[in-house]
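Chemist: Next comes work-v8.cif, mmCIF, C-alpha atoms (C1' of nucleotides):
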data_target
loop_
_atom_site.group_PDB
_atom_site.id
_atom_site.type_symbol
_atom_site.label_atom_id
_atom_site.label_comp_id
_atom_site.auth_asym_id
_atom_site.auth_seq_id
_atom_site.Cartn_x
_atom_site.Cartn_y
_atom_site.Cartn_z
ATOM 1 C CA MET A 1 -3.435 1.068 -3.253
ATOM 2 C CA PRO A 2 -0.013 2.325 -4.023
ATOM 3 C CA GLU A 3 2.528 -0.485 -3.968
ATOM 4 C CA LEU A 4 6.056 -0.337 -5.334
ATOM 5 C CA PRO A 5 5.184 0.329 -9.011
ATOM 6 C CA GLU A 6 2.730 3.052 -8.072
ATOM 7 C CA VAL A 7 5.033 4.773 -5.574
ATOM 8 C CA GLU A 8 7.917 4.571 -8.036
ATOM 9 C CA THR A 9 5.697 6.086 -10.744
ATOM 10 C CA VAL A 10 4.780 8.924 -8.398
ATOM 11 C CA ARG A 11 8.479 9.441 -7.682
ATOM 12 C CA ARG A 12 9.366 9.534 -11.357
ATOM 13 C CA THR A 13 6.575 11.949 -12.246
ATOM 14 C CA LEU A 14 7.388 14.298 -9.369
ATOM 15 C CA LEU A 15 11.178 14.258 -9.603
ATOM 16 C CA PRO A 16 11.697 16.595 -12.576
ATOM 17 C CA HIS A 17 9.231 19.125 -11.180
ATOM 18 C CA LEU A 18 10.399 19.171 -7.591
ATOM 19 C CA VAL A 19 14.164 19.094 -7.762
ATOM 20 C CA GLY A 20 15.528 22.598 -7.370
ATOM 21 C CA GLN A 21 12.211 23.998 -6.118
ATOM 22 C CA MET A 22 12.237 26.242 -3.076
ATOM 23 C CA ILE A 23 9.577 25.699 -0.417
ATOM 24 C CA THR A 24 7.935 29.020 0.350
ATOM 25 C CA GLY A 25 5.189 27.886 2.701
ATOM 26 C CA VAL A 26 3.407 24.941 4.302
ATOM 27 C CA GLU A 27 -0.238 24.479 5.204
ATOM 28 C CA VAL A 28 -1.258 21.525 7.369
ATOM 29 C CA LEU A 29 -4.954 20.752 6.928
ATOM 30 C CA ARG A 30 -5.006 17.576 9.009
ATOM 31 C CA SER A 31 -2.319 17.325 11.607
ATOM 32 C CA THR A 32 -3.005 13.662 12.502
ATOM 33 C CA GLN A 33 -1.176 12.637 9.343
ATOM 34 C CA LEU A 34 2.034 14.132 10.717
ATOM 35 C CA LYS A 35 3.579 11.311 12.711
ATOM 36 C CA ASN A 36 6.693 12.699 14.344
ATOM 37 C CA VAL A 37 6.422 16.425 13.927
ATOM 38 C CA SER A 38 3.972 19.189 14.821
ATOM 39 C CA PRO A 39 2.456 21.476 12.177
ATOM 40 C CA GLU A 40 4.424 24.391 13.635
ATOM 41 C CA VAL A 41 7.766 22.624 13.494
ATOM 42 C CA LEU A 42 7.066 21.256 10.011
ATOM 43 C CA LYS A 43 6.337 24.754 8.724
ATOM 44 C CA GLU A 44 9.395 26.180 10.387
ATOM 45 C CA LYS A 45 11.711 23.465 9.124
ATOM 46 C CA LEU A 46 10.433 23.269 5.542
ATOM 47 C CA THR A 47 10.045 26.927 4.708
ATOM 48 C CA GLY A 48 13.057 28.252 2.876
ATOM 49 C CA LYS A 49 14.470 24.811 2.089
ATOM 50 C CA GLU A 50 15.188 23.576 -1.397
ATOM 51 C CA ILE A 51 14.176 20.140 -2.672
ATOM 52 C CA ARG A 52 17.316 18.289 -3.685
ATOM 53 C CA ASP A 53 16.084 14.816 -4.652
ATOM 54 C CA VAL A 54 13.100 12.468 -4.514
ATOM 55 C CA GLY A 55 13.846 8.860 -3.584
ATOM 56 C CA ARG A 56 11.966 5.743 -2.629
ATOM 57 C CA ARG A 57 12.438 2.779 -0.289
ATOM 58 C CA GLY A 58 9.726 0.127 -0.418
ATOM 59 C CA LYS A 59 6.493 2.094 -0.464
ATOM 60 C CA TYR A 60 8.032 5.123 1.248
ATOM 61 C CA LEU A 61 8.736 8.298 -0.705
ATOM 62 C CA LEU A 62 11.766 10.280 0.451
ATOM 63 C CA ILE A 63 11.905 13.970 -0.343
ATOM 64 C CA TYR A 64 15.423 15.212 0.390
ATOM 65 C CA LEU A 65 15.793 18.840 1.392
ATOM 66 C CA SER A 66 18.692 21.227 1.630
ATOM 67 C CA GLN A 67 20.384 21.389 5.037
ATOM 68 C CA GLY A 68 20.118 17.658 5.593
ATOM 69 C CA GLU A 69 16.496 16.877 6.265
ATOM 70 C CA VAL A 70 14.131 14.387 4.660
ATOM 71 C CA LEU A 71 10.370 14.537 4.333
ATOM 72 C CA VAL A 72 9.144 10.930 4.362
ATOM 73 C CA VAL A 73 5.695 10.176 2.951
ATOM 74 C CA HIS A 74 3.818 6.873 2.941
ATOM 75 C CA LEU A 75 0.605 6.990 0.901
ATOM 76 C CA ARG A 76 -0.936 3.874 2.510
ATOM 77 C CA MET A 77 -4.308 3.247 0.870
ATOM 78 C CA THR A 78 -5.747 6.378 -0.649
ATOM 79 C CA GLY A 79 -2.946 8.917 -0.488
ATOM 80 C CA ARG A 80 -2.034 10.954 -3.528
ATOM 81 C CA LEU A 81 0.909 13.304 -3.954
ATOM 82 C CA LEU A 82 0.063 15.814 -6.657
ATOM 83 C CA PHE A 83 2.180 18.502 -8.278
ATOM 84 C CA TYR A 84 0.417 21.570 -9.610
ATOM 85 C CA ALA A 85 2.451 23.997 -11.716
ATOM 86 C CA GLU A 86 -0.109 26.739 -11.277
ATOM 87 C CA GLY A 87 -1.477 26.276 -7.820
ATOM 88 C CA HIS A 88 -4.741 24.507 -7.118
ATOM 89 C CA GLU A 89 -7.759 24.848 -4.872
ATOM 90 C CA VAL A 90 -7.830 22.900 -1.626
ATOM 91 C CA THR A 91 -10.346 20.029 -1.677
ATOM 92 C CA PRO A 92 -12.114 18.464 1.320
ATOM 93 C CA HIS A 93 -9.439 15.760 1.243
ATOM 94 C CA THR A 94 -6.352 17.903 0.940
ATOM 95 C CA ARG A 95 -4.302 17.095 4.038
ATOM 96 C CA LEU A 96 -1.038 18.933 3.439
ATOM 97 C CA LEU A 97 -0.123 21.692 1.026
ATOM 98 C CA ILE A 98 3.452 22.637 0.277
ATOM 99 C CA GLU A 99 3.861 25.936 -1.527
ATOM 100 C CA LEU A 100 6.789 25.957 -3.899
ATOM 101 C CA ILE A 101 8.227 28.741 -5.987
ATOM 102 C CA PRO A 102 4.942 30.515 -6.733
ATOM 103 C CA PRO A 103 2.620 29.533 -8.178
ATOM 104 C CA ALA A 104 3.558 25.823 -7.964
ATOM 105 C CA GLU A 105 2.191 23.595 -5.190
ATOM 106 C CA LEU A 106 2.541 20.028 -3.943
ATOM 107 C CA HIS A 107 -0.630 18.582 -2.391
ATOM 108 C CA LEU A 108 -1.085 15.510 -0.228
ATOM 109 C CA HIS A 109 -4.646 14.390 -0.967
ATOM 110 C CA ASP A 110 -5.965 11.489 1.093
ATOM 111 C CA VAL A 111 -9.608 10.483 1.414
ATOM 112 C CA ARG A 112 -9.138 8.074 4.271
ATOM 113 C CA SER A 113 -6.341 9.885 6.052
ATOM 114 C CA PHE A 114 -4.177 6.784 6.346
ATOM 115 C CA ALA A 115 -1.117 8.385 4.816
ATOM 116 C CA MET A 116 1.826 9.113 7.104
ATOM 117 C CA VAL A 117 4.247 12.024 7.000
ATOM 118 C CA PHE A 118 7.560 12.134 8.886
ATOM 119 C CA LEU A 119 10.347 14.694 9.011
ATOM 120 C CA LEU A 120 13.772 13.332 9.848
ATOM 121 C CA PRO A 121 17.429 14.263 9.624
ATOM 122 C CA LYS A 122 18.903 12.654 6.532
ATOM 123 C CA ALA A 123 21.151 10.404 8.584
ATOM 124 C CA GLU A 124 18.145 8.905 10.355
ATOM 125 C CA GLU A 125 15.756 8.165 7.521
ATOM 126 C CA CYS A 126 16.768 4.511 7.412
ATOM 127 C CA SER A 127 16.181 4.116 11.130
ATOM 128 C CA LEU A 128 12.483 4.882 10.830
ATOM 129 C CA PRO A 129 10.879 1.671 12.150
ATOM 130 C CA GLY A 130 8.896 1.007 8.974
ATOM 131 C CA ILE A 131 11.976 1.494 6.813
ATOM 132 C CA ALA A 132 14.538 -0.225 9.010
ATOM 133 C CA ALA A 133 12.609 -3.504 8.881
ATOM 134 C CA LEU A 134 12.274 -3.572 5.092
ATOM 135 C CA GLY A 135 13.678 -6.441 3.067
ATOM 136 C CA PRO A 136 15.685 -5.888 -0.123
ATOM 137 C CA GLU A 137 14.428 -3.806 -3.020
ATOM 138 C CA PRO A 138 13.030 -6.401 -5.441
ATOM 139 C CA LEU A 139 14.318 -4.669 -8.570
ATOM 140 C CA SER A 140 17.826 -4.195 -7.193
ATOM 141 C CA ALA A 141 20.822 -6.520 -7.116
ATOM 142 C CA ASP A 142 20.279 -6.950 -3.373
ATOM 143 C CA PHE A 143 17.360 -9.231 -4.152
ATOM 144 C CA THR A 144 18.567 -12.698 -5.128
ATOM 145 C CA PRO A 145 17.058 -16.179 -5.448
ATOM 146 C CA ALA A 146 19.426 -17.463 -2.765
ATOM 147 C CA GLY A 147 18.503 -14.660 -0.396
ATOM 148 C CA LEU A 148 14.818 -15.197 -1.033
ATOM 149 C CA ALA A 149 15.148 -18.931 -0.406
ATOM 150 C CA ALA A 150 16.988 -18.359 2.868
ATOM 151 C CA ALA A 151 14.404 -15.846 4.053
ATOM 152 C CA LEU A 152 11.425 -18.040 3.157
ATOM 153 C CA ALA A 153 12.980 -21.024 4.941
ATOM 154 C CA ARG A 154 12.590 -19.170 8.242
ATOM 155 C CA HIS A 155 8.800 -18.878 8.008
ATOM 156 C CA ARG A 156 6.019 -21.405 8.071
ATOM 157 C CA SER A 157 3.128 -18.985 7.569
ATOM 158 C CA PRO A 158 1.361 -18.944 4.207
ATOM 159 C CA ILE A 159 3.588 -17.516 1.475
ATOM 160 C CA LYS A 160 0.941 -14.855 0.874
ATOM 161 C CA ASN A 161 1.335 -13.447 4.410
ATOM 162 C CA ILE A 162 5.105 -13.542 4.247
ATOM 163 C CA LEU A 163 5.297 -11.640 0.982
ATOM 164 C CA LEU A 164 2.916 -9.009 2.352
ATOM 165 C CA GLY A 165 5.087 -8.564 5.433
ATOM 166 C CA GLN A 166 7.768 -6.350 3.766
ATOM 167 C CA ARG A 167 10.564 -8.059 5.698
ATOM 168 C CA VAL A 168 11.474 -10.696 3.128
ATOM 169 C CA VAL A 169 11.115 -8.365 0.169
ATOM 170 C CA ALA A 170 10.014 -4.716 0.144
ATOM 171 C CA GLY A 171 7.235 -3.052 -1.787
ATOM 172 C CA LEU A 172 4.707 -5.787 -2.523
ATOM 173 C CA GLY A 173 1.064 -5.295 -1.531
ATOM 174 C CA ASN A 174 -2.081 -7.301 -2.023
ATOM 175 C CA ILE A 175 -2.276 -6.799 -5.776
ATOM 176 C CA TYR A 176 1.270 -7.796 -6.709
ATOM 177 C CA VAL A 177 1.519 -10.642 -4.222
ATOM 178 C CA ASP A 178 -1.505 -12.301 -5.821
ATOM 179 C CA GLU A 179 -0.196 -11.568 -9.313
ATOM 180 C CA ALA A 180 3.318 -12.842 -8.580
ATOM 181 C CA LEU A 181 2.023 -16.056 -7.008
ATOM 182 C CA PHE A 182 -0.153 -16.659 -10.062
ATOM 183 C CA ARG A 183 2.747 -16.113 -12.435
ATOM 184 C CA ALA A 184 4.867 -18.485 -10.365
ATOM 185 C CA GLY A 185 2.103 -21.112 -10.164
ATOM 186 C CA ILE A 186 2.230 -21.165 -6.368
ATOM 187 C CA ASN A 187 -0.818 -21.472 -4.137
ATOM 188 C CA PRO A 188 -1.036 -18.527 -1.710
ATOM 189 C CA LEU A 189 -1.787 -20.861 1.219
ATOM 190 C CA ARG A 190 1.466 -22.808 0.828
ATOM 191 C CA SER A 191 3.731 -22.611 3.806
ATOM 192 C CA ALA A 192 6.657 -20.313 2.948
ATOM 193 C CA ASN A 193 9.220 -22.878 4.053
ATOM 194 C CA SER A 194 7.636 -25.617 1.933
ATOM 195 C CA LEU A 195 8.591 -24.080 -1.400
ATOM 196 C CA THR A 196 11.040 -26.079 -3.494
ATOM 197 C CA ALA A 197 14.134 -24.465 -4.965
ATOM 198 C CA ALA A 198 12.446 -24.480 -8.368
ATOM 199 C CA GLU A 199 9.394 -22.747 -6.940
ATOM 200 C CA VAL A 200 11.498 -20.110 -5.198
ATOM 201 C CA GLY A 201 13.241 -19.506 -8.520
ATOM 202 C CA ARG A 202 9.930 -19.042 -10.297
ATOM 203 C CA LEU A 203 8.666 -16.773 -7.522
ATOM 204 C CA PHE A 204 11.802 -14.652 -7.727
ATOM 205 C CA GLN A 205 11.349 -14.159 -11.457
ATOM 206 C CA ALA A 206 7.598 -13.606 -11.088
ATOM 207 C CA ILE A 207 8.067 -10.841 -8.511
ATOM 208 C CA ARG A 208 10.552 -9.079 -10.747
ATOM 209 C CA THR A 209 8.572 -9.376 -13.958
ATOM 210 C CA VAL A 210 5.212 -8.400 -12.520
ATOM 211 C CA LEU A 211 6.695 -5.304 -10.870
ATOM 212 C CA ALA A 212 8.592 -4.343 -14.022
ATOM 213 C CA ASP A 213 5.500 -4.865 -16.181
ATOM 214 C CA ALA A 214 3.344 -2.798 -13.834
ATOM 215 C CA LEU A 215 5.959 -0.059 -13.747
ATOM 216 C CA GLY A 216 5.917 -0.061 -17.529
ATOM 217 C CA SER A 217 2.161 0.536 -17.430
ATOM 218 C CA GLY A 218 2.431 3.381 -14.928
ATOM 219 C CA GLY A 219 1.018 1.246 -12.097
ATOM 220 C CA THR A 220 -2.413 -0.177 -11.287
ATOM 221 C CA SER A 221 -5.395 2.114 -10.715
ATOM 222 C CA ILE A 222 -8.271 0.287 -9.061
ATOM 223 C CA ARG A 223 -9.813 3.112 -7.082
ATOM 224 C CA ASP A 224 -7.650 5.918 -5.883
ATOM 225 C CA TYR A 225 -4.187 5.696 -7.327
ATOM 226 C CA VAL A 226 -2.961 8.371 -9.720
ATOM 227 C CA ASN A 227 0.577 9.544 -10.440
ATOM 228 C CA GLY A 228 2.072 12.915 -9.525
ATOM 229 C CA HIS A 229 0.122 14.563 -12.313
ATOM 230 C CA GLY A 230 -3.230 12.996 -11.425
ATOM 231 C CA VAL A 231 -3.021 10.469 -14.278
ATOM 232 C CA PRO A 232 -4.118 6.863 -13.551
ATOM 233 C CA GLY A 233 -2.067 3.791 -14.450
ATOM 234 C CA ALA A 234 -3.081 1.084 -16.904
ATOM 235 C CA PHE A 235 -1.923 -2.195 -15.377
ATOM 236 C CA GLN A 236 -5.395 -2.965 -13.988
ATOM 237 C CA GLN A 237 -6.284 -4.080 -17.510
ATOM 238 C CA LYS A 238 -3.561 -6.711 -17.393
ATOM 239 C CA LEU A 239 -4.219 -8.203 -13.967
ATOM 240 C CA ALA A 240 -4.483 -11.991 -14.107
ATOM 241 C CA VAL A 241 -6.142 -12.694 -10.758
ATOM 242 C CA TYR A 242 -6.498 -9.656 -8.477
ATOM 243 C CA GLY A 243 -10.109 -8.480 -8.496
ATOM 244 C CA ARG A 244 -11.103 -11.313 -10.857
ATOM 245 C CA LYS A 245 -12.729 -13.747 -8.435
ATOM 246 C CA GLY A 246 -15.372 -15.776 -10.265
ATOM 247 C CA HIS A 247 -13.919 -14.939 -13.670
ATOM 248 C CA PRO A 248 -12.124 -17.486 -15.873
ATOM 249 C CA CYS A 249 -8.370 -17.914 -15.515
ATOM 250 C CA ARG A 250 -6.685 -16.224 -18.467
ATOM 251 C CA ARG A 251 -4.371 -19.211 -18.813
ATOM 252 C CA CYS A 252 -6.621 -22.269 -18.377
ATOM 253 C CA GLY A 253 -10.200 -21.021 -18.176
ATOM 254 C CA THR A 254 -10.866 -22.414 -14.695
ATOM 255 C CA THR A 255 -13.014 -20.191 -12.493
ATOM 256 C CA LEU A 256 -10.767 -18.174 -10.168
ATOM 257 C CA VAL A 257 -11.499 -18.601 -6.467
ATOM 258 C CA GLY A 258 -11.428 -16.011 -3.700
ATOM 259 C CA GLU A 259 -10.454 -16.579 -0.101
ATOM 260 C CA ARG A 260 -9.384 -14.554 2.913
ATOM 261 C CA ILE A 261 -5.765 -15.197 3.799
ATOM 262 C CA GLY A 262 -4.083 -13.242 6.541
ATOM 263 C CA GLY A 263 -7.136 -10.998 6.692
ATOM 264 C CA ARG A 264 -6.768 -10.000 3.064
ATOM 265 C CA SER A 265 -8.869 -10.843 0.052
ATOM 266 C CA THR A 266 -6.935 -13.291 -2.091
ATOM 267 C CA VAL A 267 -7.699 -14.596 -5.571
ATOM 268 C CA TYR A 268 -5.997 -17.511 -7.288
ATOM 269 C CA CYS A 269 -6.498 -20.232 -9.882
ATOM 270 C CA PRO A 270 -7.085 -23.640 -8.265
ATOM 271 C CA LEU A 271 -5.680 -25.405 -11.320
ATOM 272 C CA CYS A 272 -2.620 -23.253 -12.107
ATOM 273 C CA GLN A 273 -1.835 -22.807 -8.386
ATOM 274 C CA PRO A 274 -2.585 -26.184 -6.780
ATOM 275 C CA ASN A 275 -2.305 -26.420 -3.016
ATOM 276 C CA SER A 276 0.171 -29.243 -2.826
ATOM 277 C CA ALA A 277 3.926 -29.146 -2.592
ATOM 278 C CA LYS A 278 4.129 -32.285 -4.700
ATOM 279 C CA SER A 279 2.143 -31.124 -7.677
ATOM 280 C CA VAL A 280 4.981 -29.271 -9.312
ATOM 281 C CA LYS A 281 4.484 -29.205 -13.020
ATOM 282 C "C1'" DA B 1 10.227 -15.406 18.354
ATOM 283 C "C1'" DG B 2 6.727 -15.905 15.488
ATOM 284 C "C1'" DT B 3 2.029 -15.364 14.453
ATOM 285 C "C1'" DC B 4 -2.355 -13.220 14.543
ATOM 286 C "C1'" DA B 5 -6.075 -9.868 14.907
ATOM 287 C "C1'" DA B 6 -7.590 -5.355 15.892
ATOM 288 C "C1'" DA B 7 -7.244 -0.458 15.032
ATOM 289 C "C1'" DC B 8 -6.833 3.426 12.152
ATOM 290 C "C1'" DC B 9 -10.135 5.899 8.419
ATOM 291 C "C1'" DT B 10 -13.961 7.043 4.756
ATOM 292 C "C1'" DG B 11 -16.608 6.238 0.577
ATOM 293 C "C1'" DG B 12 -18.842 3.097 -2.469
ATOM 294 C "C1'" DG B 13 -21.810 -0.688 -3.272
ATOM 295 C "C1'" DC B 14 -25.259 -3.542 -1.803
ATOM 296 C "C1'" DG B 15 -29.691 -5.389 0.256
ATOM 297 C "C1'" DC B 16 -33.883 -4.306 2.218
ATOM 298 C "C1'" DT C 1 -35.298 7.162 -1.683
ATOM 299 C "C1'" DG C 2 -32.788 6.163 2.226
ATOM 300 C "C1'" DC C 3 -30.805 3.676 5.744
ATOM 301 C "C1'" DG C 4 -27.451 0.506 7.634
ATOM 302 C "C1'" DC C 5 -24.120 -2.871 6.798
ATOM 303 C "C1'" DC C 6 -19.937 -4.607 4.857
ATOM 304 C "C1'" DC C 7 -15.792 -4.135 2.304
ATOM 305 C "C1'" DA C 8 -11.389 -2.116 0.487
ATOM 306 C "C1'" DG C 9 -6.097 -2.681 2.911
ATOM 307 C "C1'" DG C 10 -0.667 -0.950 4.636
ATOM 308 C "C1'" DT C 11 1.197 -0.561 8.771
ATOM 309 C "C1'" DT C 12 1.434 -0.374 13.782
ATOM 310 C "C1'" DT C 13 0.264 -2.147 18.026
ATOM 311 C "C1'" DG C 14 -0.758 -5.376 21.427
ATOM 312 C "C1'" DA C 15 -1.997 -10.049 22.678
ATOM 313 C "C1'" DC C 16 -1.089 -14.894 22.629
#
Write out the structure in this file as structure tokens.
Modeler:
Amino acid sequence: MPELPEVETVRRTLLPHLVGQMITGVEVLRSTQLKNVSPEVLKEKLTGKEIRDVGRRGKYLLIYLSQGEVLVVHLRMTGRLLFYAEGHEVTPHTRLLIELIPPAELHLHDVRSFAMVFLLPKAEECSLPGIAALGPEPLSADFTPAGLAAALARHRSPIKNILLGQRVVAGLGNIYVDEALFRAGINPLRSANSLTAAEVGRLFQAIRTVLADALGSGGTSIRDYVNGHGVPGAFQQKLAVYGRKGHPCRRCGTTLVGERIGGRSTVYCPLCQPNSAKSVK
DNA sequence: AGTCAAACCTGGGCGC
DNA sequence: TGCGCCCAGGTTTGAC
């Protein structure tokens, strides 16, 4: 489940291998993953272009090409973007293959075919609906406690849903929302606009530290995630609550509880994250 | 406008 | 051993 730390790790592992590479061919193995372009047009527009940069916005990867176009990739649940220096056989789940200066290849591998691929002019990449609606990058200076407080004040849904929504802050998914709320000592069912200034401050710090820590571990590999070289991350060993329902809280020993919030599995500590605005401590 | 649930997909784990 | 069921979840879409 690639969230910001995983997508950023993919970006960092791919960047040194892709920049300066010439695309010599494209093979589309499942065209339904192409969202705004046909296989024929993708081939025509990519072939002969050079990769200039690899960026990221939220969970979107942005592969900038010569002559002003951008290949936008969202890995969703099970997508993997893999660089092979020597070429590699196509697997049953290879969805897109980009041939680089032979024999190198870039493969989009995606068991569940949820990943999305777009091709856009560089000037329009930020107008892609999924990107245009994104909140600030949590590890950038655009993300501030005051901005977070103002954004949360506009919503009365559970804080868990709001953080998953991408509009208040970009890049968090189910894993890091649960982890950040645990670190901040905030119950996931709390109404977003009920958080005190102190709680918003703790949440702000928790979001930043959990993402930075996960990035430092190369991301979290529960099932499918691997970086651009096929190497899994290590942060799953440090998770405090996600996937630990029924296990003891690492801080207080209380049994962690699981619940469905906003249609998503949610795990939290009933003692460290009490469901009451008053019980700040 | 804000909120919510369904849809998209497939493999793994489970109970029987 | 094998079948069927449920679950994982990011984003879009449509309904309320």
Chemist: What is the distance, in Å and to one decimal place, between atom CA of A:Pro248 and atom CA of A:Asp224?
Modeler: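 Answer for the atom CA of A:Pro248 to atom CA of A:Asp224 separation: 25.8 Å.
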Chemist: Calculated over all atoms listed in the file, which of the candidates A:Thr32, A:Gln236, A:Gln67, A:Ser140 has the smallest distance to chain B?
Modeler: A:Thr32
Chemist: Per residue of chain C within 12 Å of chain A, which atom pair is closest and at what distance in Å (one decimal), using all atoms listed in the file, listed by chain and increasing number, as a Markdown table?
Modeler:
| residue | atom | partner | partner_atom | distance |
| --- | --- | --- | --- | --- |
| C:DC7 | C1' | A:Ser265 | CA | 9.9 |
| C:DA8 | C1' | A:Met77 | CA | 8.9 |
| C:DG9 | C1' | A:Met77 | CA | 6.5 |
| C:DG10 | C1' | A:Arg76 | CA | 5.3 |
| C:DT11 | C1' | A:Gly130 | CA | 7.9 |
| C:DT12 | C1' | A:Gly130 | CA | 9.0 |
Chemist: Under the rule of at most 8 Å, produce a per-residue listing of chain A near chain B: chain, number, name, the closest pair of atoms, and the distance in Å, as JSON lines, using only C-alpha atoms (C1' of nucleotides).
Modeler:
{"residue": "A:Val111", "atom": "CA", "partner": "B:DT10", "partner_atom": "C1'", "distance": 6.5}
{"residue": "A:Arg112", "atom": "CA", "partner": "B:DC9", "partner_atom": "C1'", "distance": 4.8}
{"residue": "A:Ser113", "atom": "CA", "partner": "B:DC9", "partner_atom": "C1'", "distance": 6.0}
{"residue": "A:Phe114", "atom": "CA", "partner": "B:DC9", "partner_atom": "C1'", "distance": 6.4}
{"residue": "A:Ser157", "atom": "CA", "partner": "B:DT3", "partner_atom": "C1'", "distance": 7.9}
Chemist: Measure the distance from atom CA of A:Leu29 to atom CA of A:Thr91 in Å and round it to one decimal.
Modeler: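 Interatomic distance, atom CA of A:Leu29 to atom CA of A:Thr91: 10.2 Å.
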Chemist: Kindly indicate which residue among A:Asn36, A:Thr266, A:Leu139, A:Gly228 lies nearest to A:Leu18, using all atoms listed in the file for the distances.
Modeler: A:Gly228
Chemist: How would you write as a PyMOL selection string the residues that get within 6 Å of (14.8, 20.5, 3.6) in the file's frame, counting only C-alpha atoms (C1' of nucleotides)?
Modeler: chain A and resi 46+49-50+65-67+69
Chemist: What gap, in Å, lies between atom CA of A:Leu61 and atom CA of A:Ile131?
Modeler: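 Calculated distance between atom CA of A:Leu61 and atom CA of A:Ile131 is 10.6 Å.
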